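Q: Submitted below is the structure of interest, expressed as structure tokens.
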Amino acid sequence: MPSVKQVQVTFDCTEPQRVGRFWCEVLGYVEPTPPEGFATWEDVDRSLPPEDQGRWYACEDPTGVGPRLFFQRVPEGKVVKNRVHLDVRVGTGLVGHERVAALEAECSRLVALGGTRVRLMLADEQNESCLVMQDVEGNEFCLD
């Protein structure tokens, strides 16, 4: 049985480009190269029928290591907690006050981009501290 070689993470959202650009800033991702014959993705979007314009957005890890992210427009808004979320690993190897300081610094940067701080979960006997946030459309993620 062949193994999976690549993974794409897909977000349902109402404004794919807005949400996608937020995640580009969070993760240092970039837009892929537009298809041949188009100078920009905006040119690609303008070539689509009006009902399909702004329907999706994609970005990728410039190093090729991380998964591609895909954002697709859906008619319904977010209603309940995500069943899957991303952990943004900003405190790896840090403990105690150093870890919390790193989480808080990244939280401040992401709030300036439109993210929302939800709560700090302090370390216990089993887990290190993490900070729960929401992206620009309310999708939960953790600074870990």
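By convention here, the chains of the structure tokens are called A, B, ... in the order presented, each chain's residues are numbered starting at 1, and ligands are numbered starting at 1 in the order presented.
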Taking only C-alpha atoms into account, produce a table as a Markdown table in which each residue of range 25-46 of chain A with an atom at most 12 Å from an atom of range 62-68 of chain A appears once, together with its shortest atom pair and the distance in Å to one decimal, ordered by chain and rising number.

A:
| residue | atom | partner | partner_atom | distance |
| --- | --- | --- | --- | --- |
| A:Leu27 | CA | A:Gly66 | CA | 9.5 |
| A:Gly28 | CA | A:Pro62 | CA | 7.9 |
| A:Tyr29 | CA | A:Pro62 | CA | 6.1 |
| A:Val30 | CA | A:Pro62 | CA | 6.2 |
| A:Glu31 | CA | A:Pro62 | CA | 8.7 |
| A:Pro32 | CA | A:Pro62 | CA | 8.6 |
| A:Thr33 | CA | A:Pro62 | CA | 10.9 |

Q: Skipping near chain neighbours, those fewer than 4 positions away, what residues fall within 9 Å of Met133 in chain A using only C-alpha atoms, listed as a list in words?

A: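 Listing them by chain and then by number gives Cys107, Leu110, Val111, Gly115, Thr116, Arg117, Val118, Arg119, Leu120, Gly138, Asn139, Glu140, Phe141, Cys142 and Leu143 of chain A.
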
Q: Those same residues, written as a compact mmCIF listing (two decimals), in the first residue's frame with N, CA and C atoms?

A:
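Full text of part-v1.txt as output:
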# COMPACT_ATOMS: atom_id res chain seq x y z
N CYS A 107 1.48 36.10 20.17
CA CYS A 107 0.07 36.47 20.26
C CYS A 107 -0.11 37.96 19.92
N LEU A 110 0.12 38.47 16.20
CA LEU A 110 -1.03 37.95 15.47
C LEU A 110 -2.30 38.74 15.73
N VAL A 111 -2.44 39.30 16.92
CA VAL A 111 -3.58 40.18 17.20
C VAL A 111 -3.49 41.41 16.28
N GLY A 115 -5.95 38.55 14.36
CA GLY A 115 -6.28 37.40 15.18
C GLY A 115 -6.88 37.83 16.51
N THR A 116 -7.47 36.86 17.22
CA THR A 116 -8.09 37.15 18.51
C THR A 116 -7.52 36.22 19.58
N ARG A 117 -7.11 36.80 20.68
CA ARG A 117 -6.66 36.00 21.83
C ARG A 117 -7.89 35.42 22.52
N VAL A 118 -7.84 34.12 22.83
CA VAL A 118 -8.95 33.48 23.53
C VAL A 118 -8.56 33.23 24.98
N ARG A 119 -7.51 32.46 25.21
CA ARG A 119 -7.10 32.20 26.59
C ARG A 119 -5.71 31.57 26.64
N LEU A 120 -5.01 31.85 27.73
CA LEU A 120 -3.73 31.22 28.02
C LEU A 120 -4.00 30.01 28.89
N GLY A 138 -12.56 33.48 13.06
CA GLY A 138 -12.98 32.78 14.27
C GLY A 138 -12.56 31.32 14.35
N ASN A 139 -11.71 30.84 13.43
CA ASN A 139 -11.21 29.47 13.50
C ASN A 139 -10.17 29.37 14.60
N GLU A 140 -10.34 28.42 15.52
CA GLU A 140 -9.41 28.28 16.63
C GLU A 140 -8.07 27.69 16.16
N PHE A 141 -7.02 28.13 16.82
CA PHE A 141 -5.69 27.53 16.67
C PHE A 141 -4.94 27.79 17.96
N CYS A 142 -3.85 27.07 18.15
CA CYS A 142 -3.06 27.23 19.38
C CYS A 142 -1.65 27.69 19.06
N LEU A 143 -1.15 28.56 19.91
CA LEU A 143 0.28 28.85 19.94
C LEU A 143 0.83 27.87 20.95

Q: Which distance in Å separates CA of Thr14 in chain A and CA of Asp87 in chain A, to one decimal?

A: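 That distance, rounded to one decimal, is 22.1 Å.
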
Q: Got a sec: who's within 12 Å of range 7-11 of chain A, counting only C-alpha atoms, leaving out chain neighbours fewer than 3 positions off, as a PyMOL selection string?

A: chain A and resi 3-4+14-20+23+56-61+64-74+77-78+82-86+135+137-140

Q: For the residues selected in the previous step, produce a file with C-alpha atoms as a PDB file, in the first residue's frame.

A:
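Written out: again_22.pdb:
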ATOM      1  CA  SER A   3       2.126   5.986   1.668  1.00  0.00           C
ATOM      2  CA  VAL A   4       0.795   9.540   1.524  1.00  0.00           C
ATOM      3  CA  THR A  14     -16.492  33.246   3.789  1.00  0.00           C
ATOM      4  CA  GLU A  15     -13.497  35.333   2.652  1.00  0.00           C
ATOM      5  CA  PRO A  16     -10.797  32.948   1.363  1.00  0.00           C
ATOM      6  CA  GLN A  17      -8.265  35.594   0.387  1.00  0.00           C
ATOM      7  CA  ARG A  18      -8.526  37.442   3.719  1.00  0.00           C
ATOM      8  CA  VAL A  19      -8.176  34.254   5.769  1.00  0.00           C
ATOM      9  CA  GLY A  20      -5.417  32.910   3.513  1.00  0.00           C
ATOM     10  CA  TRP A  23      -2.212  32.469   7.557  1.00  0.00           C
ATOM     11  CA  TRP A  56     -10.702  30.121  -3.228  1.00  0.00           C
ATOM     12  CA  TYR A  57      -7.142  30.992  -2.213  1.00  0.00           C
ATOM     13  CA  ALA A  58      -4.058  28.822  -1.723  1.00  0.00           C
ATOM     14  CA  CYS A  59      -0.647  29.275  -0.163  1.00  0.00           C
ATOM     15  CA  GLU A  60       2.378  27.102   0.457  1.00  0.00           C
ATOM     16  CA  ASP A  61       5.496  26.771   2.548  1.00  0.00           C
ATOM     17  CA  GLY A  64       8.337  22.900   0.517  1.00  0.00           C
ATOM     18  CA  VAL A  65       8.324  21.193   3.917  1.00  0.00           C
ATOM     19  CA  GLY A  66       4.952  22.222   5.350  1.00  0.00           C
ATOM     20  CA  PRO A  67       1.535  21.343   3.923  1.00  0.00           C
ATOM     21  CA  ARG A  68      -0.210  23.466   1.318  1.00  0.00           C
ATOM     22  CA  LEU A  69      -3.124  25.473   2.743  1.00  0.00           C
ATOM     23  CA  PHE A  70      -6.337  25.853   0.734  1.00  0.00           C
ATOM     24  CA  PHE A  71      -9.184  28.232   1.596  1.00  0.00           C
ATOM     25  CA  GLN A  72     -12.593  27.737  -0.001  1.00  0.00           C
ATOM     26  CA  ARG A  73     -15.667  29.916   0.174  1.00  0.00           C
ATOM     27  CA  VAL A  74     -18.723  28.283   1.712  1.00  0.00           C
ATOM     28  CA  GLY A  77     -20.588  30.803   8.693  1.00  0.00           C
ATOM     29  CA  LYS A  78     -18.686  29.034  11.464  1.00  0.00           C
ATOM     30  CA  ASN A  82     -13.267  23.343  15.011  1.00  0.00           C
ATOM     31  CA  ARG A  83     -12.867  19.568  15.027  1.00  0.00           C
ATOM     32  CA  VAL A  84      -9.291  19.992  13.715  1.00  0.00           C
ATOM     33  CA  HIS A  85      -6.998  22.935  14.363  1.00  0.00           C
ATOM     34  CA  LEU A  86      -3.421  24.002  13.716  1.00  0.00           C
ATOM     35  CA  ASP A 135      -7.958  33.637  13.106  1.00  0.00           C
ATOM     36  CA  GLU A 137     -12.910  34.364  10.818  1.00  0.00           C
ATOM     37  CA  GLY A 138     -12.977  32.777  14.266  1.00  0.00           C
ATOM     38  CA  ASN A 139     -11.213  29.466  13.505  1.00  0.00           C
ATOM     39  CA  GLU A 140      -9.407  28.275  16.631  1.00  0.00           C
TER      40      GLU A 140
END

Q: For each of A:Val80, A:Val100, A:Leu113, A:Val90, take the minimum atom-to-atom distance to Val136 in chain A, counting only C-alpha atoms, then give the residue where this is smallest.

A: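 Ranked by minimum distance to Val136 in chain A, first place goes to A:Leu113.
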
Q: Rounded to one decimal place, report the CA of Gly93 in chain A-CA of Gln6 in chain A distance in Å.

A: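 CA of Gly93 in chain A sits 26.7 Å away from CA of Gln6 in chain A.
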
Q: Neighbours of Leu94 in chain A within 12 Å (only C-alpha atoms; same-chain residues fewer than 3 positions away dropped), as a compact mmCIF listing (two decimals) with N, CA, C and O atoms, in the first residue's frame?

A:
# COMPACT_ATOMS: atom_id res chain seq x y z
N ARG A 89 3.87 26.23 16.39
CA ARG A 89 4.89 25.86 17.37
C ARG A 89 5.89 26.99 17.60
O ARG A 89 6.93 27.03 16.97
N VAL A 90 5.60 27.90 18.49
CA VAL A 90 6.49 29.03 18.76
C VAL A 90 7.27 28.87 20.05
O VAL A 90 8.23 29.61 20.28
N GLY A 91 6.89 27.93 20.90
CA GLY A 91 7.55 27.78 22.20
C GLY A 91 8.34 26.48 22.34
O GLY A 91 8.70 26.10 23.45
N HIS A 97 8.35 30.59 32.43
CA HIS A 97 8.14 31.99 32.05
C HIS A 97 8.67 32.29 30.64
O HIS A 97 8.09 33.11 29.93
N GLU A 98 9.78 31.62 30.24
CA GLU A 98 10.32 31.85 28.90
C GLU A 98 9.32 31.44 27.83
O GLU A 98 9.13 32.12 26.83
N ARG A 99 8.68 30.30 28.06
CA ARG A 99 7.69 29.81 27.10
C ARG A 99 6.49 30.76 27.02
O ARG A 99 6.05 31.12 25.95
N VAL A 100 5.97 31.14 28.18
CA VAL A 100 4.82 32.05 28.20
C VAL A 100 5.17 33.37 27.53
O VAL A 100 4.37 33.92 26.76
N ALA A 101 6.38 33.88 27.74
CA ALA A 101 6.79 35.13 27.10
C ALA A 101 6.82 34.99 25.58
O ALA A 101 6.39 35.90 24.86
N ALA A 102 7.31 33.86 25.08
CA ALA A 102 7.34 33.62 23.63
C ALA A 102 5.92 33.53 23.07
O ALA A 102 5.62 34.08 22.00
N LEU A 103 5.03 32.85 23.79
CA LEU A 103 3.64 32.74 23.36
C LEU A 103 2.97 34.11 23.33
O LEU A 103 2.26 34.46 22.38
N ALA A 123 0.84 25.66 32.08
CA ALA A 123 1.36 24.30 32.20
C ALA A 123 0.76 23.58 33.40
O ALA A 123 0.47 24.18 34.43
N GLU A 128 2.77 21.49 28.59
CA GLU A 128 3.37 22.82 28.70
C GLU A 128 2.29 23.86 28.42
O GLU A 128 1.22 23.54 27.91
N SER A 129 2.58 25.10 28.70
CA SER A 129 1.64 26.18 28.44
C SER A 129 1.38 26.33 26.94
O SER A 129 2.25 26.09 26.12
N CYS A 130 0.16 26.73 26.61
CA CYS A 130 -0.19 27.08 25.23
C CYS A 130 -1.20 28.22 25.28
O CYS A 130 -1.79 28.50 26.32
N ASP A 144 1.72 27.03 20.52
CA ASP A 144 2.21 25.92 21.32
C ASP A 144 3.69 26.03 21.55
O ASP A 144 4.42 26.45 20.71

Q: Where in range 6-144 of chain A does DSSP assign strand (DSSP E), given as a tab-separated table (two decimals) with N, CA and C atoms, in the first residue's frame?

A:
chain	number	residue	atom	x	y	z
A	8	GLN	N	-2.67	18.50	2.26
A	8	GLN	CA	-3.18	19.86	2.13
A	8	GLN	C	-4.20	20.07	3.24
A	9	VAL	N	-4.13	21.20	3.91
A	9	VAL	CA	-5.10	21.54	4.95
A	9	VAL	C	-6.07	22.53	4.32
A	10	THR	N	-7.38	22.21	4.39
A	10	THR	CA	-8.41	23.04	3.77
A	10	THR	C	-9.26	23.73	4.82
A	11	PHE	N	-9.48	25.02	4.63
A	11	PHE	CA	-10.31	25.83	5.51
A	11	PHE	C	-11.59	26.20	4.76
A	12	ASP	N	-12.74	25.99	5.37
A	12	ASP	CA	-13.99	26.54	4.88
A	12	ASP	C	-14.11	27.94	5.46
A	13	CYS	N	-14.45	28.93	4.63
A	13	CYS	CA	-14.52	30.31	5.13
A	13	CYS	C	-15.40	31.15	4.21
A	56	TRP	N	-11.72	30.89	-3.92
A	56	TRP	CA	-10.70	30.12	-3.23
A	56	TRP	C	-9.39	30.90	-3.19
A	57	TYR	N	-8.48	30.42	-2.35
A	57	TYR	CA	-7.14	30.99	-2.21
A	57	TYR	C	-6.24	29.86	-1.72
A	58	ALA	N	-5.00	29.85	-2.16
A	58	ALA	CA	-4.06	28.82	-1.72
A	58	ALA	C	-2.72	29.47	-1.39
A	59	CYS	N	-2.01	28.84	-0.47
A	59	CYS	CA	-0.65	29.28	-0.16
A	59	CYS	C	0.18	28.06	0.22
A	68	ARG	N	0.47	22.39	2.04
A	68	ARG	CA	-0.21	23.47	1.32
A	68	ARG	C	-1.49	23.79	2.07
A	69	LEU	N	-1.87	25.06	2.13
A	69	LEU	CA	-3.12	25.47	2.74
A	69	LEU	C	-4.07	25.93	1.64
A	70	PHE	N	-5.32	25.51	1.73
A	70	PHE	CA	-6.34	25.85	0.73
A	70	PHE	C	-7.55	26.42	1.46
A	71	PHE	N	-8.07	27.53	0.97
A	71	PHE	CA	-9.18	28.23	1.60
A	71	PHE	C	-10.32	28.30	0.58
A	72	GLN	N	-11.48	27.77	0.94
A	72	GLN	CA	-12.59	27.74	0.00
A	72	GLN	C	-13.81	28.42	0.59
A	73	ARG	N	-14.47	29.19	-0.26
A	73	ARG	CA	-15.67	29.92	0.17
A	73	ARG	C	-16.83	28.94	0.33
A	87	ASP	N	-1.65	23.84	15.35
A	87	ASP	CA	-0.81	24.27	16.45
A	87	ASP	C	0.39	24.98	15.83
A	88	VAL	N	0.57	26.24	16.14
A	88	VAL	CA	1.71	27.00	15.64
A	88	VAL	C	2.79	26.91	16.71
A	116	THR	N	-7.47	36.86	17.22
A	116	THR	CA	-8.09	37.15	18.51
A	116	THR	C	-7.52	36.22	19.58
A	117	ARG	N	-7.11	36.80	20.68
A	117	ARG	CA	-6.66	36.00	21.83
A	117	ARG	C	-7.89	35.42	22.52
A	118	VAL	N	-7.84	34.12	22.83
A	118	VAL	CA	-8.95	33.48	23.53
A	118	VAL	C	-8.56	33.23	24.98
A	119	ARG	N	-7.51	32.46	25.21
A	119	ARG	CA	-7.10	32.20	26.59
A	119	ARG	C	-5.71	31.57	26.64
A	120	LEU	N	-5.01	31.85	27.73
A	120	LEU	CA	-3.73	31.22	28.02
A	120	LEU	C	-4.00	30.01	28.89
A	121	MET	N	-3.48	28.88	28.49
A	121	MET	CA	-3.61	27.65	29.28
A	121	MET	C	-2.23	27.37	29.88
A	130	CYS	N	0.16	26.73	26.61
A	130	CYS	CA	-0.19	27.08	25.23
A	130	CYS	C	-1.20	28.22	25.28
A	131	LEU	N	-1.36	28.87	24.15
A	131	LEU	CA	-2.25	30.02	24.08
A	131	LEU	C	-3.25	29.78	22.95
A	132	VAL	N	-4.53	29.77	23.27
A	132	VAL	CA	-5.58	29.54	22.29
A	132	VAL	C	-5.95	30.87	21.64
A	133	MET	N	-6.04	30.84	20.30
A	133	MET	CA	-6.39	32.04	19.54
A	133	MET	C	-7.44	31.70	18.48
A	134	GLN	N	-7.91	32.72	17.80
A	134	GLN	CA	-8.78	32.56	16.64
A	134	GLN	C	-8.23	33.39	15.50
A	140	GLU	N	-10.34	28.42	15.52
A	140	GLU	CA	-9.41	28.28	16.63
A	140	GLU	C	-8.07	27.69	16.16
A	141	PHE	N	-7.02	28.13	16.82
A	141	PHE	CA	-5.69	27.53	16.67
A	141	PHE	C	-4.94	27.79	17.96
A	142	CYS	N	-3.85	27.07	18.15
A	142	CYS	CA	-3.06	27.23	19.38
A	142	CYS	C	-1.65	27.69	19.06
A	143	LEU	N	-1.15	28.56	19.91
A	143	LEU	CA	0.28	28.85	19.94
A	143	LEU	C	0.83	27.87	20.95
